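J.: Handing you a structure now.
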Amino acid sequence: MMKKVKGLGFILSILAVFLLAACGGSDDESTGEDGETNYSEAVDYTIIGIEPGAGISVATENALEEYENLDGWDVEMSSTGAMMSELGTAIENEEPIVITGWNPHWMFALYPDMKYLEDPQEIYGGEETLNSLARLGLGDDNPDAYQFIDQFEWEVEDMEEIMYEAEETGEDIEDVAVQWVEDNQDRVDAWAEGVNEGNGAEIELASTPWDSERASSNVVKAAMEQHGFEVTVTEVDVAVVFESVASGDVDATLAAWLPLTHSEFYEANQDNFEDLGPNLEGAKIGLVVPEYMDIDSIEDLEAN
Ligand code: PBE
């Protein structure tokens with residue numbers, strides 16, 4: 001009798017070791033029954049996001065609500081820097097990762113093998129533009145500054161060139177922007193066409209702290225200063241950018257991502273600023289993964 005029990009115990013413990021090994025194995029590789037990688041489990045049902053106040057963070061919270069297959073998912077929000085460093089580590093180790101991504105940014109220049117996931121519910125919208133907004137009355141108070149800001153426009157590639165160079169060289173975006181203005185005088189001339197000298201007139205621009213808007217604000221600052229204006233760039237939270245233009249605390253901003261990313265802030269202040277239209281077209285936001293992940297759509301992710 002004793003012997004039999006002992007034997008059973010032995011068999012059970014061997015079995016336990018096998019079960020553990022089997023579980024451990026599938027955990028590590030996150031493979032499903034069909035042997036395919038379960039990316040959702042591998043990323044721990046977590047999207048790596050950026051600052052909580054960003055438009056793309058609001059959109060991602062909407063995505064978690066609207067996509068049934070994202071039930072049980074979380075978004076980890078900290079900072080753009082933290083997200084970029086997690087992305088770098090994942091790509092180095094060829095591990096799956098789902099991030100909130102956008103253009104213009106240097107992420108696609110540094111890691112060209114990445115893709116936006118299709119978004120059949122269009123939570124992240126389609127093509128975005130970056131618009132310039134002026135405080136009410138700027139056109140009357142300072143028609144030349146108003147005209148300069150209104151005439152400022154450039155391309156995704158221009159902005160990304162500055163962002164990428166600052167990232168690669170470690171130089172401050174402000175300095176790279178000054179250099180860009182010196183190297184692209186033909187562009188500056190087009191923005192300044194028909195504008196009288198500023199004669200020291202002071203202009204304050206509100207910017208968000210993201211590199212994209214630090215690039216545009218500092219380019220316009222350098223270009224307007226060549227033209228005799230005194231320009232201050234104030235970096236504030238995106239909600240405050242809209243509020244400060246609407247209250248007239250600052251003269252203008254170049255940082256409005258529309259129609260979707262900043263729609264909440266835009267609509268809340270809409271009657272109290274003038275929308276001067278796009279200064280850049282072809283921007284985009286969405287969920288982004290490395291190419292080596294064999295999925296194409298947000299709907300390919302699995303609920304937890
Ligand atoms: N971004 C970059 C911002 C705007 C600039 C896409 C991270 C956002 O509000 O989401």
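In the structure tokens, chains take the letters A, B, ... in the order shown, each chain's residues start at 1, and ligands count up from 1 in the order shown.
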For ligand 1, list the contacting residues at 9 Å or closer, counting only C-alpha atoms and all ligand atoms, as a count of residues only.
T.: 33
J.: Near Glu193 of chain A, within 9 Å and counting only C-alpha atoms, which residues show up once chain neighbours fewer than 5 positions away are dropped, as number ranges by chain?
T.: A: 147-148, 151, 188
J.: Could those residues be written to a file, using N, CA and C atoms, as an mmCIF file, in the first residue's frame?
T.:
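Output below, filename again11.cif:
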data_model
loop_
_atom_site.group_PDB
_atom_site.id
_atom_site.type_symbol
_atom_site.label_atom_id
_atom_site.label_comp_id
_atom_site.auth_asym_id
_atom_site.auth_seq_id
_atom_site.Cartn_x
_atom_site.Cartn_y
_atom_site.Cartn_z
ATOM 1 N N GLN A 147 0.132 88.477 -40.980
ATOM 2 C CA GLN A 147 0.343 88.019 -42.359
ATOM 3 C C GLN A 147 1.491 87.013 -42.448
ATOM 4 N N PHE A 148 2.574 87.275 -41.690
ATOM 5 C CA PHE A 148 3.716 86.359 -41.703
ATOM 6 C C PHE A 148 3.277 84.984 -41.215
ATOM 7 N N GLN A 151 1.153 83.187 -43.648
ATOM 8 C CA GLN A 151 1.855 82.719 -44.854
ATOM 9 C C GLN A 151 2.834 81.586 -44.571
ATOM 10 N N VAL A 188 11.790 81.100 -46.470
ATOM 11 C CA VAL A 188 11.504 82.217 -45.571
ATOM 12 C C VAL A 188 11.004 83.423 -46.369
#
J.: From the list A:Asp271, A:Glu291, A:Glu202, A:Glu235, which residue is nearest Asn142 of chain A when using only C-alpha atoms?
T.: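 The shortest atom-to-atom distance to Asn142 of chain A comes from A:Glu202.
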J.: Could you go through segment 41-159 of chain A and tell me which residues DSSP, when run on the backbone, assigns to helix (DSSP H, G or I), listing them as a PyMOL selection string?
T.: chain A and resi 41-42+55-66+68-70+80-92+107-110+138-141+143-151+156-159
J.: Please identify all polymer residues within 9 Å of Ser297 of chain A, counting only C-alpha atoms, omitting same-chain residues fewer than 2 positions from it, and present them as a PyMOL selection string.
T.: chain A and resi 116-120+295+299-301
J.: If you run DSSP on this backbone, which residues of segment 84-289 of chain A come out as strand (DSSP E or B), and could you give them as a PDB file with N, CA and C atoms, in the first residue's frame?
T.:
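Produced file out21.pdb, reproduced below:
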ATOM      1  N   ILE A  99       2.897  50.697 -30.068  1.00  0.00           N
ATOM      2  CA  ILE A  99       3.058  52.065 -29.560  1.00  0.00           C
ATOM      3  C   ILE A  99       2.030  52.998 -30.189  1.00  0.00           C
ATOM      4  N   THR A 100       1.893  54.181 -29.595  1.00  0.00           N
ATOM      5  CA  THR A 100       1.147  55.254 -30.246  1.00  0.00           C
ATOM      6  C   THR A 100       2.173  56.034 -31.078  1.00  0.00           C
ATOM      7  N   GLY A 101       1.949  56.077 -32.392  1.00  0.00           N
ATOM      8  CA  GLY A 101       2.943  56.711 -33.262  1.00  0.00           C
ATOM      9  C   GLY A 101       2.330  57.825 -34.092  1.00  0.00           C
ATOM     10  N   TRP A 102       3.188  58.662 -34.664  1.00  0.00           N
ATOM     11  CA  TRP A 102       2.688  59.768 -35.495  1.00  0.00           C
ATOM     12  C   TRP A 102       3.776  60.265 -36.433  1.00  0.00           C
ATOM     13  N   ASN A 103       3.314  60.967 -37.470  1.00  0.00           N
ATOM     14  CA  ASN A 103       4.183  61.752 -38.355  1.00  0.00           C
ATOM     15  C   ASN A 103       3.648  63.178 -38.345  1.00  0.00           C
ATOM     16  N   MET A 114       8.648  50.006 -39.715  1.00  0.00           N
ATOM     17  CA  MET A 114       7.482  50.036 -38.829  1.00  0.00           C
ATOM     18  C   MET A 114       6.258  50.345 -39.678  1.00  0.00           C
ATOM     19  N   LYS A 115       5.090  49.980 -39.159  1.00  0.00           N
ATOM     20  CA  LYS A 115       3.851  50.227 -39.923  1.00  0.00           C
ATOM     21  C   LYS A 115       2.732  50.674 -38.990  1.00  0.00           C
ATOM     22  N   TYR A 116       1.843  51.505 -39.550  1.00  0.00           N
ATOM     23  CA  TYR A 116       0.604  51.848 -38.846  1.00  0.00           C
ATOM     24  C   TYR A 116      -0.335  50.657 -38.947  1.00  0.00           C
ATOM     25  N   GLU A 118      -3.961  49.164 -39.452  1.00  0.00           N
ATOM     26  CA  GLU A 118      -5.221  49.656 -40.020  1.00  0.00           C
ATOM     27  C   GLU A 118      -6.203  49.905 -38.884  1.00  0.00           C
ATOM     28  N   GLU A 128      -4.240  64.253 -41.062  1.00  0.00           N
ATOM     29  CA  GLU A 128      -4.359  65.422 -40.190  1.00  0.00           C
ATOM     30  C   GLU A 128      -3.589  66.593 -40.802  1.00  0.00           C
ATOM     31  N   THR A 129      -4.017  67.795 -40.447  1.00  0.00           N
ATOM     32  CA  THR A 129      -3.221  68.969 -40.794  1.00  0.00           C
ATOM     33  C   THR A 129      -2.786  69.644 -39.498  1.00  0.00           C
ATOM     34  N   LEU A 130      -1.693  70.376 -39.572  1.00  0.00           N
ATOM     35  CA  LEU A 130      -1.256  71.197 -38.438  1.00  0.00           C
ATOM     36  C   LEU A 130      -1.636  72.627 -38.771  1.00  0.00           C
ATOM     37  N   ASN A 131      -2.514  73.192 -37.966  1.00  0.00           N
ATOM     38  CA  ASN A 131      -3.045  74.518 -38.275  1.00  0.00           C
ATOM     39  C   ASN A 131      -2.445  75.607 -37.394  1.00  0.00           C
ATOM     40  N   SER A 132      -2.439  76.821 -37.940  1.00  0.00           N
ATOM     41  CA  SER A 132      -2.044  77.999 -37.172  1.00  0.00           C
ATOM     42  C   SER A 132      -3.305  78.685 -36.667  1.00  0.00           C
ATOM     43  N   LEU A 133      -3.302  79.050 -35.409  1.00  0.00           N
ATOM     44  CA  LEU A 133      -4.424  79.773 -34.818  1.00  0.00           C
ATOM     45  C   LEU A 133      -3.914  81.111 -34.306  1.00  0.00           C
ATOM     46  N   ALA A 134      -4.689  82.154 -34.538  1.00  0.00           N
ATOM     47  CA  ALA A 134      -4.311  83.482 -34.036  1.00  0.00           C
ATOM     48  C   ALA A 134      -5.334  83.951 -33.019  1.00  0.00           C
ATOM     49  N   ARG A 135      -4.885  84.740 -32.082  1.00  0.00           N
ATOM     50  CA  ARG A 135      -5.843  85.330 -31.134  1.00  0.00           C
ATOM     51  C   ARG A 135      -6.726  86.300 -31.895  1.00  0.00           C
ATOM     52  N   GLU A 202       6.752  92.837 -30.491  1.00  0.00           N
ATOM     53  CA  GLU A 202       6.859  91.581 -29.731  1.00  0.00           C
ATOM     54  C   GLU A 202       5.706  90.650 -30.055  1.00  0.00           C
ATOM     55  N   ILE A 203       6.066  89.403 -30.321  1.00  0.00           N
ATOM     56  CA  ILE A 203       5.063  88.384 -30.652  1.00  0.00           C
ATOM     57  C   ILE A 203       5.322  87.168 -29.763  1.00  0.00           C
ATOM     58  N   GLU A 204       4.255  86.635 -29.190  1.00  0.00           N
ATOM     59  CA  GLU A 204       4.409  85.433 -28.363  1.00  0.00           C
ATOM     60  C   GLU A 204       3.656  84.270 -28.997  1.00  0.00           C
ATOM     61  N   LEU A 205       4.390  83.171 -29.207  1.00  0.00           N
ATOM     62  CA  LEU A 205       3.789  81.959 -29.769  1.00  0.00           C
ATOM     63  C   LEU A 205       3.692  80.898 -28.677  1.00  0.00           C
ATOM     64  N   ALA A 206       2.545  80.225 -28.597  1.00  0.00           N
ATOM     65  CA  ALA A 206       2.429  79.099 -27.669  1.00  0.00           C
ATOM     66  C   ALA A 206       2.733  77.807 -28.426  1.00  0.00           C
ATOM     67  N   SER A 207       3.539  76.952 -27.797  1.00  0.00           N
ATOM     68  CA  SER A 207       3.885  75.668 -28.414  1.00  0.00           C
ATOM     69  C   SER A 207       3.629  74.556 -27.414  1.00  0.00           C
ATOM     70  N   GLU A 230      10.363  90.532 -32.527  1.00  0.00           N
ATOM     71  CA  GLU A 230      10.929  89.917 -31.318  1.00  0.00           C
ATOM     72  C   GLU A 230       9.981  88.803 -30.924  1.00  0.00           C
ATOM     73  N   VAL A 231      10.406  87.542 -31.056  1.00  0.00           N
ATOM     74  CA  VAL A 231       9.458  86.440 -30.849  1.00  0.00           C
ATOM     75  C   VAL A 231       9.830  85.596 -29.626  1.00  0.00           C
ATOM     76  N   THR A 232       8.842  85.346 -28.797  1.00  0.00           N
ATOM     77  CA  THR A 232       9.012  84.442 -27.653  1.00  0.00           C
ATOM     78  C   THR A 232       8.196  83.186 -27.925  1.00  0.00           C
ATOM     79  N   VAL A 233       8.786  82.027 -27.659  1.00  0.00           N
ATOM     80  CA  VAL A 233       8.039  80.766 -27.752  1.00  0.00           C
ATOM     81  C   VAL A 233       7.807  80.266 -26.334  1.00  0.00           C
ATOM     82  N   THR A 234       6.549  80.071 -25.969  1.00  0.00           N
ATOM     83  CA  THR A 234       6.226  79.576 -24.630  1.00  0.00           C
ATOM     84  C   THR A 234       5.698  78.149 -24.748  1.00  0.00           C
ATOM     85  N   GLU A 235       6.358  77.225 -24.069  1.00  0.00           N
ATOM     86  CA  GLU A 235       5.935  75.820 -24.142  1.00  0.00           C
ATOM     87  C   GLU A 235       5.002  75.494 -22.992  1.00  0.00           C
ATOM     88  N   ALA A 252      -0.417  83.713 -31.000  1.00  0.00           N
ATOM     89  CA  ALA A 252      -0.743  82.663 -31.975  1.00  0.00           C
ATOM     90  C   ALA A 252      -0.095  81.349 -31.577  1.00  0.00           C
ATOM     91  N   THR A 253      -0.529  80.283 -32.255  1.00  0.00           N
ATOM     92  CA  THR A 253       0.138  78.988 -32.130  1.00  0.00           C
ATOM     93  C   THR A 253       0.168  78.331 -33.500  1.00  0.00           C
ATOM     94  N   LEU A 254       1.157  77.459 -33.707  1.00  0.00           N
ATOM     95  CA  LEU A 254       1.265  76.720 -34.977  1.00  0.00           C
ATOM     96  C   LEU A 254       0.961  75.258 -34.734  1.00  0.00           C
ATOM     97  N   ALA A 255       0.465  74.934 -33.515  1.00  0.00           N
ATOM     98  CA  ALA A 255       0.532  73.570 -32.996  1.00  0.00           C
ATOM     99  C   ALA A 255      -0.774  72.792 -32.973  1.00  0.00           C
ATOM    100  N   ALA A 256      -1.818  73.273 -33.697  1.00  0.00           N
ATOM    101  CA  ALA A 256      -3.119  72.586 -33.614  1.00  0.00           C
ATOM    102  C   ALA A 256      -3.197  71.425 -34.606  1.00  0.00           C
ATOM    103  N   TRP A 257      -3.315  70.206 -34.090  1.00  0.00           N
ATOM    104  CA  TRP A 257      -3.442  69.010 -34.947  1.00  0.00           C
ATOM    105  C   TRP A 257      -4.928  68.754 -35.163  1.00  0.00           C
ATOM    106  N   LEU A 258      -5.365  68.822 -36.451  1.00  0.00           N
ATOM    107  CA  LEU A 258      -6.796  68.743 -36.769  1.00  0.00           C
ATOM    108  C   LEU A 258      -7.055  67.847 -37.978  1.00  0.00           C
ATOM    109  N   PHE A 273     -10.849  82.146 -31.176  1.00  0.00           N
ATOM    110  CA  PHE A 273      -9.587  82.311 -31.914  1.00  0.00           C
ATOM    111  C   PHE A 273      -9.913  82.306 -33.394  1.00  0.00           C
ATOM    112  N   GLU A 274      -8.918  82.685 -34.194  1.00  0.00           N
ATOM    113  CA  GLU A 274      -9.096  82.632 -35.640  1.00  0.00           C
ATOM    114  C   GLU A 274      -8.220  81.518 -36.193  1.00  0.00           C
ATOM    115  N   ASP A 275      -8.846  80.603 -36.943  1.00  0.00           N
ATOM    116  CA  ASP A 275      -8.110  79.491 -37.537  1.00  0.00           C
ATOM    117  C   ASP A 275      -7.537  79.956 -38.878  1.00  0.00           C
ATOM    118  N   LEU A 276      -6.216  80.033 -38.963  1.00  0.00           N
ATOM    119  CA  LEU A 276      -5.574  80.517 -40.198  1.00  0.00           C
ATOM    120  C   LEU A 276      -5.333  79.389 -41.198  1.00  0.00           C
ATOM    121  N   GLY A 277      -5.801  78.190 -40.865  1.00  0.00           N
ATOM    122  CA  GLY A 277      -5.661  77.071 -41.806  1.00  0.00           C
ATOM    123  C   GLY A 277      -4.350  76.336 -41.641  1.00  0.00           C
ATOM    124  N   PRO A 278      -4.140  75.294 -42.465  1.00  0.00           N
ATOM    125  CA  PRO A 278      -2.966  74.416 -42.308  1.00  0.00           C
ATOM    126  C   PRO A 278      -1.632  75.120 -42.585  1.00  0.00           C
ATOM    127  N   ASN A 279      -0.639  74.848 -41.729  1.00  0.00           N
ATOM    128  CA  ASN A 279       0.742  75.212 -42.061  1.00  0.00           C
ATOM    129  C   ASN A 279       1.512  73.978 -42.515  1.00  0.00           C
ATOM    130  N   LEU A 280       0.886  72.795 -42.341  1.00  0.00           N
ATOM    131  CA  LEU A 280       1.495  71.531 -42.795  1.00  0.00           C
ATOM    132  C   LEU A 280       0.365  70.541 -43.065  1.00  0.00           C
ATOM    133  N   GLU A 281       0.489  69.809 -44.186  1.00  0.00           N
ATOM    134  CA  GLU A 281      -0.520  68.796 -44.518  1.00  0.00           C
ATOM    135  C   GLU A 281       0.131  67.423 -44.527  1.00  0.00           C
ATOM    136  N   GLY A 282      -0.697  66.381 -44.338  1.00  0.00           N
ATOM    137  CA  GLY A 282      -0.162  65.014 -44.431  1.00  0.00           C
ATOM    138  C   GLY A 282       0.344  64.455 -43.117  1.00  0.00           C
ATOM    139  N   ALA A 283      -0.094  65.020 -42.002  1.00  0.00           N
ATOM    140  CA  ALA A 283       0.271  64.454 -40.692  1.00  0.00           C
ATOM    141  C   ALA A 283      -0.630  63.250 -40.405  1.00  0.00           C
ATOM    142  N   LYS A 284      -0.224  62.437 -39.435  1.00  0.00           N
ATOM    143  CA  LYS A 284      -0.984  61.207 -39.150  1.00  0.00           C
ATOM    144  C   LYS A 284      -0.711  60.757 -37.727  1.00  0.00           C
ATOM    145  N   ILE A 285      -1.729  60.143 -37.099  1.00  0.00           N
ATOM    146  CA  ILE A 285      -1.524  59.488 -35.804  1.00  0.00           C
ATOM    147  C   ILE A 285      -2.125  58.083 -35.868  1.00  0.00           C
ATOM    148  N   GLY A 286      -1.685  57.180 -35.002  1.00  0.00           N
ATOM    149  CA  GLY A 286      -2.268  55.842 -34.980  1.00  0.00           C
ATOM    150  C   GLY A 286      -1.487  54.896 -34.095  1.00  0.00           C
ATOM    151  N   LEU A 287      -1.865  53.625 -34.169  1.00  0.00           N
ATOM    152  CA  LEU A 287      -1.090  52.599 -33.457  1.00  0.00           C
ATOM    153  C   LEU A 287      -0.064  52.046 -34.429  1.00  0.00           C
ATOM    154  N   VAL A 288       1.163  51.903 -33.943  1.00  0.00           N
ATOM    155  CA  VAL A 288       2.290  51.548 -34.797  1.00  0.00           C
ATOM    156  C   VAL A 288       2.999  50.336 -34.208  1.00  0.00           C
ATOM    157  N   VAL A 289       3.393  49.405 -35.099  1.00  0.00           N
ATOM    158  CA  VAL A 289       4.149  48.209 -34.666  1.00  0.00           C
ATOM    159  C   VAL A 289       5.323  47.989 -35.613  1.00  0.00           C
TER     160      VAL A 289
END
J.: For Phe229 of chain A, find every residue with an atom within 12 Å (counting only C-alpha atoms), except residues of its own chain fewer than 3 positions away, and show them as an MDAnalysis selection string.
T.: chainID A and resid 142 144:146 148:149 192 195:204 220:226 232
J.: At a cut-off of 9 Å, using only C-alpha atoms, what residues contact Val240 of chain A? Leave out same-chain residues fewer than 3 positions from it and give the result as a PyMOL selection string.
T.: chain A and resi 206+208+236-237+243-245+265
J.: Can you write out the residues you just picked, keeping N, CA, C and O atoms, as a PDB file, in the first residue's frame?
T.:
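Result file selection.pdb:
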ATOM      1  N   ALA A 206       2.545  80.225 -28.597  1.00  0.00           N
ATOM      2  CA  ALA A 206       2.429  79.099 -27.669  1.00  0.00           C
ATOM      3  C   ALA A 206       2.733  77.807 -28.426  1.00  0.00           C
ATOM      4  O   ALA A 206       2.266  77.609 -29.546  1.00  0.00           O
ATOM      5  N   THR A 208       3.382  73.356 -27.918  1.00  0.00           N
ATOM      6  CA  THR A 208       3.406  72.188 -27.033  1.00  0.00           C
ATOM      7  C   THR A 208       4.871  71.782 -26.851  1.00  0.00           C
ATOM      8  O   THR A 208       5.737  72.247 -27.586  1.00  0.00           O
ATOM      9  N   VAL A 236       3.806  75.063 -23.350  1.00  0.00           N
ATOM     10  CA  VAL A 236       2.818  74.699 -22.329  1.00  0.00           C
ATOM     11  C   VAL A 236       2.086  73.422 -22.749  1.00  0.00           C
ATOM     12  O   VAL A 236       2.213  72.955 -23.884  1.00  0.00           O
ATOM     13  N   ASP A 237       1.332  72.878 -21.831  1.00  0.00           N
ATOM     14  CA  ASP A 237       0.496  71.715 -22.088  1.00  0.00           C
ATOM     15  C   ASP A 237      -0.479  72.014 -23.236  1.00  0.00           C
ATOM     16  O   ASP A 237      -0.927  73.154 -23.380  1.00  0.00           O
ATOM     17  N   GLU A 243      -6.164  77.343 -24.751  1.00  0.00           N
ATOM     18  CA  GLU A 243      -6.748  78.330 -23.824  1.00  0.00           C
ATOM     19  C   GLU A 243      -6.029  79.666 -23.915  1.00  0.00           C
ATOM     20  O   GLU A 243      -6.661  80.726 -23.840  1.00  0.00           O
ATOM     21  N   SER A 244      -4.704  79.634 -24.065  1.00  0.00           N
ATOM     22  CA  SER A 244      -3.977  80.901 -24.032  1.00  0.00           C
ATOM     23  C   SER A 244      -4.155  81.690 -25.329  1.00  0.00           C
ATOM     24  O   SER A 244      -4.123  82.918 -25.308  1.00  0.00           O
ATOM     25  N   VAL A 245      -4.383  80.999 -26.458  1.00  0.00           N
ATOM     26  CA  VAL A 245      -4.709  81.741 -27.687  1.00  0.00           C
ATOM     27  C   VAL A 245      -6.121  82.312 -27.559  1.00  0.00           C
ATOM     28  O   VAL A 245      -6.379  83.474 -27.897  1.00  0.00           O
ATOM     29  N   PHE A 265      -9.963  70.161 -27.619  1.00  0.00           N
ATOM     30  CA  PHE A 265      -9.481  71.492 -27.221  1.00  0.00           C
ATOM     31  C   PHE A 265      -9.957  72.550 -28.215  1.00  0.00           C
ATOM     32  O   PHE A 265     -10.279  73.669 -27.846  1.00  0.00           O
TER      33      PHE A 265
END
J.: Here is a test: counting only C-alpha atoms, which residue of A:Met163, A:Ala239, A:Pro290, A:Gln270 is nearest to Asn218 of chain A?
T.: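 Once distances to Asn218 of chain A are computed over only C-alpha atoms, the minimum belongs to A:Met163.
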J.: Identify which of the residues A:Glu76, A:Ser263, A:Asp249, A:Leu110 lies closest to Glu168 of chain A, counting only C-alpha atoms when measuring atom-to-atom distances.
T.: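 Comparing A:Glu76, A:Ser263, A:Asp249, A:Leu110 against Glu168 of chain A, the winner is A:Leu110.
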J.: Point out the residue among A:Tyr45, A:Glu165, A:Tyr292, A:Ile298 with the least atom-to-atom distance to Asp113 of chain A, counting only C-alpha atoms.
T.: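 The closest residue to Asp113 of chain A is A:Tyr292.
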J.: Between A:Val176, A:Val250, A:Leu260, A:Phe242, which has the minimum distance to Val219 of chain A (counting only C-alpha atoms)?
T.: A:Val176
